[in-house]
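The structure appears right after this line, and notes come after that.
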There are 4 protein chains.
Amino acid sequence: MSKVKEEVQNEVSAQQRLEQHLRTVAHLGHVEIGVTKFEDSLWFYTEVLGLVLTEKEEGRAYLRAWQDFDHYTLVLQESETSEVNRMSWRVATEESLDLFEKYLKDSNIDFQRIESGQKKALGDAIHFKSPSGLPIQLYWKKELFETDDPKLQSQLPSHPSKYNVKGVSPRRFDHVNIMVDDVKAEQEWWTDFLGIHHRYYIQNEEDTRLGSWLSRTNIAHEIAFMRNANQNGAKFHHLAYFLDSPDELIRAANIMAENGIEIEWGPGKHGTSGAQFIYVFEPSGHRVELWTGGFLIFSPDWKAIEWTSDVGELGLEMWGSKPPKSYFTYGVDIGE
Amino acid sequence: MSKVKEEVQNEVSAQQRLEQHLRTVAHLGHVEIGVTKFEDSLWFYTEVLGLVLTEKEEGRAYLRAWQDFDHYTLVLQESETSEVNRMSWRVATEESLDLFEKYLKDSNIDFQRIESGQKKALGDAIHFKSPSGLPIQLYWKKELFETDDPKLQSQLPSHPSKYNVKGVSPRRFDHVNIMVDDVKAEQEWWTDFLGIHHRYYIQNEEDTRLGSWLSRTNIAHEIAFMRNANQNGAKFHHLAYFLDSPDELIRAANIMAENGIEIEWGPGKHGTSGAQFIYVFEPSGHRVELWTGGFLIFSPDWKAIEWTSDVGELGLEMWGSKPPKSYFTYGVDIGE
Amino acid sequence: MSKVKEEVQNEVSAQQRLEQHLRTVAHLGHVEIGVTKFEDSLWFYTEVLGLVLTEKEEGRAYLRAWQDFDHYTLVLQESETSEVNRMSWRVATEESLDLFEKYLKDSNIDFQRIESGQKKALGDAIHFKSPSGLPIQLYWKKELFETDDPKLQSQLPSHPSKYNVKGVSPRRFDHVNIMVDDVKAEQEWWTDFLGIHHRYYIQNEEDTRLGSWLSRTNIAHEIAFMRNANQNGAKFHHLAYFLDSPDELIRAANIMAENGIEIEWGPGKHGTSGAQFIYVFEPSGHRVELWTGGFLIFSPDWKAIEWTSDVGELGLEMWGSKPPKSYFTYGVDIGE
Amino acid sequence: MSKVKEEVQNEVSAQQRLEQHLRTVAHLGHVEIGVTKFEDSLWFYTEVLGLVLTEKEEGRAYLRAWQDFDHYTLVLQESETSEVNRMSWRVATEESLDLFEKYLKDSNIDFQRIESGQKKALGDAIHFKSPSGLPIQLYWKKELFETDDPKLQSQLPSHPSKYNVKGVSPRRFDHVNIMVDDVKAEQEWWTDFLGIHHRYYIQNEEDTRLGSWLSRTNIAHEIAFMRNANQNGAKFHHLAYFLDSPDELIRAANIMAENGIEIEWGPGKHGTSGAQFIYVFEPSGHRVELWTGGFLIFSPDWKAIEWTSDVGELGLEMWGSKPPKSYFTYGVDIGE
């Protein structure tokens with residue numbers, strides 16, 4: 001091979017490796033959910049949970065936690081069925097979106113390009129589905145939250161809006177969790193296709209994968225897949241917001257109990273992540289997790305931790321409480 | 001230009017961009033410090049702070065927090081002066097170390113290659129200095145902590161060792177802070193050369209940089225530079241371990257007060273990071289910060305937050321307490 | 001002496017001892033304060049502090065913490081000067097009020113009997129002053145808080161109203177603190193006359209009493225006297241509400257910082273009581289303490305703990321922070 | 001009736017009323033338990049729970065929390081069966097012990113006078129049994145804890161010993177709980193005979209008393225009676241130590257989980273008291289509660305709160321978790 005040819009060859013590989021590096025998500029951005037009881041759910045998210053309402057339109061509300069820097073991290077849409085409509089990820093670089101588009105074409109995966117401005121505060125986006133049919137949105141640009149309202153504006157430049165003195169008032173959006181029939185297959189696709197690292201997983205006695213937790217960032221997970229005990233397809237299990245301390249979680253549980261919001265499970269502590277949790281049902285039937293603590297993963301060559309069946313229950317809850325049956329069977333639908 | 005030439009050209013650029021992507025650190029790994037009162041400091045770090053002693057040699061001790069996955073995150077070395085000897089960073093990929101070596105050569109910066117095995121539990125490493133003379137170590141491989149000791153071994157695979165029931169018992173190593181004469185210049189070098197993002201900074205009334213905080217990971221900072229009020233060169237300001245909650249920080253303050261360890265400042269809350277803190281002096285004179293909370297930064301195009309002089313004090317401490325003068329003047333030496 | 005006479009003698013002494021047992025207060029009930037900025041202070045107490053507004057009249061507001069069982073524990077009165085108008089104590093038994101009246105007569109202390117119904121939700125009361133001129137109210141009956149408002153009513157019988165999801169939301173009223181010129185004399189009178197036990201005190205190097213803390217109940221103190229550094233008579237130093245945890249205190253400090261309420265001192269920890277604190281100034285200039293923790297005193301023959309001058313500063317604050325000068329000099333007036 | 005006779009009559013009544021006032025307990029002092037696995041239980045109480053070992057004799061250990069002012073609050077005795085041997089109450093005044101002795105005689109209740117010095121650090125005491133056969137000890141004098149050991153001695157006069165940096169490290173002893181067949185009868189006896197106020201109670205659908213909680217001090221309860229679901233006589237349900245915050249309770253749960261101590265129930269929150277809890281089994285089979293928070297009762301005419309059957313479960317646990325069956329059936333024996 002001529003020297004020039006060889007160099008070209010090497011460089012092709014460099015180009016490919018570079019594209020691979022750039023074709024990845026950066027972090028989970030927000031989630032869009034359909035709610036059957038729009039006003040009741042809005043009451044829950046603003047008055048009980050204490051999220052900040054960014055904007056409200058006919059049948060749609062944009063919400064964020066007080067230190068979410070983005071314009072919104074949760075979208076409520078009035079709907080005939082409670083469902084998840086879109087899980088939205090920011091990509092790693094400006095080039096990434098086009099690289100993903102090319103990759104989707106090469107992979108023969110259906111997708112739709114959404115022009116900037118079609119969705120609130122959002123630049124160009126790509127919509128497509130995972131093997132289990134989960135609706136994914138990738139985007140590069142989303143407006144940051146800014147306000148002139150003196151009731152919201154903080155004197156601290158690090159606070160996009162003031163700490164909310166009302167309700168639970170979590171610090172930030174954290175993660176989503178979906179029940180699927182085949183956890184292993186779904187996890188591998190998200191890791192391979194989107195670059196989201198596999199962090200830890202639980203196997204049962206038959207060595208079937210019960211759950212896998214993944215993140216692109218340093219947090220323990222941004223998305224999790226749990227085995228649907230009913231094996232009837234994908235269901236949206238929950239969305240989660242992050243609190244600053246176990247004590248705030250206790251306060252959250254008190255607030256739920258006082259305001260007639262059912263706590264399905266918790267306070268408990270996941271052995272896997274080391275995070276403390278409660279799970280509640282909001283008025284439209286979505287499961288919401290409030291979660292605090294947990295470890296960060298800094299290692300660039302992290303090996304996913306296996307929780308074998310003998311410690312699997314501790315992985316789920318390390319203090320000894322057992323999840324109710326609904327935890328393994330109930331989820332809302334995956335929307336179109 | 002011929003097509004082949006053009007492709008080569010493009011590919012050279014691809015190769016360069018790829019190298020740039022790979023030539024970066026992944027995260028802060030550990031810090032090596034010299035201590036004049038070895039046994040007293042060891043008592044502090046194990047009995048009061050509650051770190052786990054990994055290994056002890058003649059005049060050297062290797063320590064880690066209970067959930068530090070690495071073999072150690074702090075090295076104590078008996079020394080004639082209390083000083084910092086090495087700030088050690090893991091690089092992003094296996095190739096990164098060689099890429100850094102090449103880059104150091106190209107940049108005419110003196111460095112030393114350390115062979116695997118010369119340093120405890122460490123693979124190949126490179127030693128060199130920042131513009132202010134800060135001793136840097138880069139490495140790819142460090143052994144993980146593993147134990148057969150039933151007193152240390154946890155049944156939880158996520159716990160490299162049991163939660164330590166003794167002393168403050170932080171969760172993990174967090175960051176280092178150095179006083180330098182020219183904060184801006186030092187920050188820019190660390191960002192450009194090592195790929196560590198600039199997260200937030202404080203300017204004074206004369207628009208001089210008073211402090212800059214940087215991280216490669218999603219935590220608010222892994223390294224900070226503060227202006228040395230004495231302008232007499234670089235000094236090591238402090239090292240920090242992370243606690244899980246404000247309540248644990250209060251417990252830490254109680255433990256310090258009961259055991260004759262002086263709290264220099266705190267409990268307070270940095271407006272910049274949103275983290276709560278106490279600063280204490282260990283027996284050999286090192287300042288140690290215990291720190292909890294703070295926000296994570298997920299944005300891939302984060303713009304460093306400026307704290308102008310009118311809110312600079314809130315940036316330092318948002319509840320209203322003022323740091324003692326020593327906070328701006330005292331640090332230990334930078335070792336060879 | 002005849003046997004009958006002797007029995008009578010003994011029984012007189014029994015009657016006297018019995019009266020002494022019954023002539024005592026049970027606990028601190030509430031405090032009435034004058035505020036120059038009525039609406040601003042009301043905003044502070046309801047929106048920032050998160051007290052529940054029981055009733056509002058022209059220029060008067062009745063407030064309580066969510067688990068204060070009484071109709072109110074704080075009364076705000078629009079006033080030309082910010083001052084304390086009345087510190088109000090419940091007596092131990094139904095007979096106690098008459099026994100105190102008799103005792104005041106015997107002691108030649110001016111007093112005023114207030115008929116039931118003259119004061120909001122209150123039965124008969126007696127008004128008089130301590131040696132330093134502090135306005136005391138004794139009462140036996142005060143209405144409990146009851147509500148039909150579904151926004152306030154809790155399903156838990158132990159909650160007179162729901163945990164308030166807004167603002168700091170302390171659990172209950174705790175104590176008052178007054179600066180006087182002669183701490184020792186004032187303390188002894190309150191102990192002898194009202195039966196409020198002396199719990200701990202601080203002496204200075206000249207063995208002058210700097211502070212004394214007293215309680216009738218098991219909490220560390222319900223009333224404290226601190227030496228007025230200006231020696232210009234009695235001043236009302238602060239009133240305090242109780243929080244459930246150090247973590248809630250941190251949350252309180254955050255809320256103050258975000259809402260422009262100056263924190264004079266803290267978070268800190270009193271060595272004397274073991275309670276954590278912050279002191280803030282509300283809009284009309286009253287100092288309000290938020291306080292959590294501290295020890296309970298069960299011993300029926302408790303000997304007041306002496307804090308000699310060598311540990312006096314630790315008594316004030318055991319983590320090492322120093323109170324600002326204002327802490328020893330500033331207080332509002334004692335009203336008529 | 002002659003005037004003298006009348007006066008005598010009145011005074012007889014004064015004497016009776018005075019005696020009634022003096023014939024009461026002051027507070028729960030300590031509990032003595034038999035343990036089948038003495039060394040294992042001692043490991044639990046000192047290393048895991050973090051109590052301070054005051055003294056150890058052949059087969060006997062005296063323990064206290066770091067801020068228990070008394071010489072001990074828990075006595076472990078090596079025994080063939082795990083059981084409770086003595087629940088020990090301090091009486092209100094020096095005279096009280098003789099008044100109780102007289103009252104026991106008048107009431108034809110068997111009792112035994114124990115001379116000062118027969119029991120560790122204790123003055124004169126009286127032993128007798130409640131209607132359900134619970135072994136009661138009354139005493140006036142118990143030595144306070146004092147130490148010269150620099151590892152234990154605090155510089156803070158309010159700390160009888162240093163905050164213990166090891167294990168859970170509760171602040172103080174709190175309460176005991178006993179299962180009996182007839183809760184109502186037992187509660188009434190304790191209130192009438194010993195002067196311990198009834199604070200709150202739960203009724204079932206048949207209006208049978210399921211539980212009653214009582215205290216002489218301002219804490220929510222010092223002793224509780226729960227209905228034995230097996231109706232096979234009195235059993236000792238648990239003893240409890242008090243923690244400072246919900247966060248410390250979470251830490252306690254972590255410590256239990258890491259050290260192989262089974263958590264029977266919790267973390268949960270009693271609606272009745274508002275206290276958060278975990279229940280664990282120590283190696284000899286005693287149930288130990290760690291508990292934090294809860295409200296104080298100051299009212300001198302407190303009316304016991306009734307929890308009717310429709311809210312009884314919330315009274316037990318207000319966040320929604322259900323106690324395991326063992327909670328209503330398992331207890332250790334009542335010793336001789």
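Note on naming: chains are A, B, ... as they come in the structure tokens, residues start from 1 per chain, ligands start from 1 in the order shown.
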Just the residues within 9 Å of Ile261 (chain A), please, counting only C-alpha atoms, with nothing from its chain fewer than 2 positions along; format it as a PDB file with C-alpha atoms, in the first residue's frame.
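Just written: out-v6.pdb:
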```
ATOM      1  CA  PHE A  44     -49.643  17.570  42.591  1.00  0.00           C
ATOM      2  CA  VAL A  48     -47.260  18.976  46.659  1.00  0.00           C
ATOM      3  CA  ILE A 255     -46.085  15.889  52.896  1.00  0.00           C
ATOM      4  CA  MET A 256     -47.471  12.996  50.865  1.00  0.00           C
ATOM      5  CA  ALA A 257     -49.169  11.472  53.916  1.00  0.00           C
ATOM      6  CA  GLU A 258     -50.746  14.792  54.910  1.00  0.00           C
ATOM      7  CA  ASN A 259     -52.035  15.463  51.405  1.00  0.00           C
ATOM      8  CA  ILE A 263     -46.866   6.115  49.069  1.00  0.00           C
ATOM      9  CA  VAL A 280     -45.862   7.702  45.107  1.00  0.00           C
ATOM     10  CA  PHE A 281     -48.758   7.736  42.661  1.00  0.00           C
ATOM     11  CA  GLU A 282     -49.793  11.135  41.342  1.00  0.00           C
ATOM     12  CA  PRO A 283     -53.472  11.753  40.540  1.00  0.00           C
TER      13      PRO A 283
END
```
What are the nearest atom pairs, with distances in Å to one decimal, for all residues of chain C that come at most 7 Å from chain D, using only C-alpha atoms, set out by chain and rising residue number as JSON lines?
```
{"residue": "C:Glu7", "atom": "CA", "partner": "D:Val8", "partner_atom": "CA", "distance": 6.7}
{"residue": "C:Val8", "atom": "CA", "partner": "D:Val8", "partner_atom": "CA", "distance": 5.1}
{"residue": "C:Glu11", "atom": "CA", "partner": "D:Glu11", "partner_atom": "CA", "distance": 4.4}
{"residue": "C:Val12", "atom": "CA", "partner": "D:Glu11", "partner_atom": "CA", "distance": 6.3}
{"residue": "C:Ala14", "atom": "CA", "partner": "D:Gln15", "partner_atom": "CA", "distance": 5.1}
{"residue": "C:Gln15", "atom": "CA", "partner": "D:Ala14", "partner_atom": "CA", "distance": 5.1}
{"residue": "C:Leu18", "atom": "CA", "partner": "D:Leu18", "partner_atom": "CA", "distance": 5.2}
{"residue": "C:Ala26", "atom": "CA", "partner": "D:Pro300", "partner_atom": "CA", "distance": 6.5}
{"residue": "C:His27", "atom": "CA", "partner": "D:Phe298", "partner_atom": "CA", "distance": 6.4}
{"residue": "C:Ala92", "atom": "CA", "partner": "D:Pro300", "partner_atom": "CA", "distance": 6.0}
{"residue": "C:Leu156", "atom": "CA", "partner": "D:Gly271", "partner_atom": "CA", "distance": 6.8}
{"residue": "C:Pro157", "atom": "CA", "partner": "D:Trp307", "partner_atom": "CA", "distance": 6.9}
{"residue": "C:Ser158", "atom": "CA", "partner": "D:Thr272", "partner_atom": "CA", "distance": 6.1}
{"residue": "C:Thr217", "atom": "CA", "partner": "D:Asn218", "partner_atom": "CA", "distance": 6.9}
{"residue": "C:Asn218", "atom": "CA", "partner": "D:Asn218", "partner_atom": "CA", "distance": 6.2}
{"residue": "C:Asp244", "atom": "CA", "partner": "D:Gly293", "partner_atom": "CA", "distance": 6.5}
{"residue": "C:Ser245", "atom": "CA", "partner": "D:Ser245", "partner_atom": "CA", "distance": 5.2}
{"residue": "C:Gly271", "atom": "CA", "partner": "D:Leu156", "partner_atom": "CA", "distance": 6.8}
{"residue": "C:Thr272", "atom": "CA", "partner": "D:Ser158", "partner_atom": "CA", "distance": 6.1}
{"residue": "C:Gly293", "atom": "CA", "partner": "D:Asp244", "partner_atom": "CA", "distance": 6.5}
{"residue": "C:Phe298", "atom": "CA", "partner": "D:His27", "partner_atom": "CA", "distance": 6.4}
{"residue": "C:Pro300", "atom": "CA", "partner": "D:Ala92", "partner_atom": "CA", "distance": 6.1}
{"residue": "C:Ile305", "atom": "CA", "partner": "D:Pro157", "partner_atom": "CA", "distance": 7.0}
{"residue": "C:Trp307", "atom": "CA", "partner": "D:Pro157", "partner_atom": "CA", "distance": 6.9}
```
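Residue nearest Val168 (chain D), chosen from D:Ile334, D:Leu51, D:Ile33, D:Ala185 and counting only C-alpha atoms: D:Leu51.
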Can you measure CA of Ser96 (chain A) to CA of Ile223 (chain B) for me? One decimal in Å is fine. 28.9 Å
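The interatomic distance for the pair CA of Asn204 (chain C) and CA of Ser309 (chain C) works out to 4.7 Å.
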From a DSSP calculation on the backbone, collect every residue of region 24-269 of chain A in strand (DSSP E or B) and output the set as a PyMOL selection string. chain A and resi 25-35+52-57+60-64+70+74-78+83-91+111-114+122+125-129+135-139+142+144+166+172-180+197-203+209-215+219+223-227+235-243+263-269
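Atom to atom, CA of Glu32 (chain B) and CA of Asn85 (chain B) stand 5.3 Å apart.
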Show me, as an mmCIF file with N, CA and C atoms, in the first residue's frame, the residues that have an atom within 10 Å of Leu122 (chain C) when counting only C-alpha atoms, minus same-chain residues fewer than 3 positions from it.
```cif
data_model
loop_
_atom_site.group_PDB
_atom_site.id
_atom_site.type_symbol
_atom_site.label_atom_id
_atom_site.label_comp_id
_atom_site.auth_asym_id
_atom_site.auth_seq_id
_atom_site.Cartn_x
_atom_site.Cartn_y
_atom_site.Cartn_z
ATOM 1 N N HIS C 71 -54.588 27.712 70.499
ATOM 2 C CA HIS C 71 -55.168 28.595 69.490
ATOM 3 C C HIS C 71 -54.098 29.489 68.855
ATOM 4 N N ILE C 114 -57.411 39.940 84.828
ATOM 5 C CA ILE C 114 -58.074 40.095 83.534
ATOM 6 C C ILE C 114 -59.167 39.053 83.445
ATOM 7 N N GLU C 115 -60.386 39.521 83.178
ATOM 8 C CA GLU C 115 -61.503 38.576 83.144
ATOM 9 C C GLU C 115 -61.478 37.751 81.858
ATOM 10 N N SER C 116 -61.987 36.569 81.987
ATOM 11 C CA SER C 116 -62.129 35.671 80.844
ATOM 12 C C SER C 116 -62.834 36.388 79.692
ATOM 13 N N GLY C 117 -62.311 36.229 78.483
ATOM 14 C CA GLY C 117 -62.961 36.808 77.316
ATOM 15 C C GLY C 117 -62.376 38.150 76.907
ATOM 16 N N GLN C 118 -61.656 38.788 77.811
ATOM 17 C CA GLN C 118 -61.055 40.076 77.426
ATOM 18 C C GLN C 118 -59.932 39.876 76.423
ATOM 19 N N LYS C 119 -59.271 38.721 76.547
ATOM 20 C CA LYS C 119 -58.206 38.430 75.597
ATOM 21 C C LYS C 119 -58.618 37.217 74.761
ATOM 22 N N ALA C 125 -56.961 35.765 83.655
ATOM 23 C CA ALA C 125 -55.507 35.902 83.622
ATOM 24 C C ALA C 125 -55.069 36.918 84.662
ATOM 25 N N TYR C 139 -52.233 32.371 83.155
ATOM 26 C CA TYR C 139 -53.605 31.980 82.811
ATOM 27 C C TYR C 139 -53.738 30.475 83.009
ATOM 28 N N TRP C 140 -54.957 30.032 83.126
ATOM 29 C CA TRP C 140 -55.204 28.586 83.203
ATOM 30 C C TRP C 140 -55.841 28.068 81.920
ATOM 31 N N LYS C 141 -56.828 28.816 81.398
ATOM 32 C CA LYS C 141 -57.544 28.318 80.217
ATOM 33 C C LYS C 141 -57.139 29.042 78.944
ATOM 34 N N LYS C 142 -56.813 28.271 77.906
ATOM 35 C CA LYS C 142 -56.688 28.857 76.572
ATOM 36 C C LYS C 142 -57.313 27.863 75.606
ATOM 37 N N GLU C 143 -58.097 28.357 74.690
ATOM 38 C CA GLU C 143 -58.736 27.461 73.727
ATOM 39 C C GLU C 143 -57.698 26.719 72.899
ATOM 40 N N LEU C 144 -58.015 25.481 72.581
ATOM 41 C CA LEU C 144 -57.168 24.724 71.670
ATOM 42 C C LEU C 144 -57.506 25.117 70.241
#
```
If we count only C-alpha atoms, what is near region 187-190 of chain D at a cut-off of 9 Å, once residues fewer than 6 positions away on the same chain are taken out, given as a list in words? Ser130, Pro131, Ile196, His197, His198, Ser212, Trp213, Leu214, Ala224 and Phe225 of chain D
Run DSSP on the backbone and tell me which residues of region 10-83 of chain C come out as helix (DSSP H, G or I); list them as a ChimeraX atom specification. /C:10-22,38-48
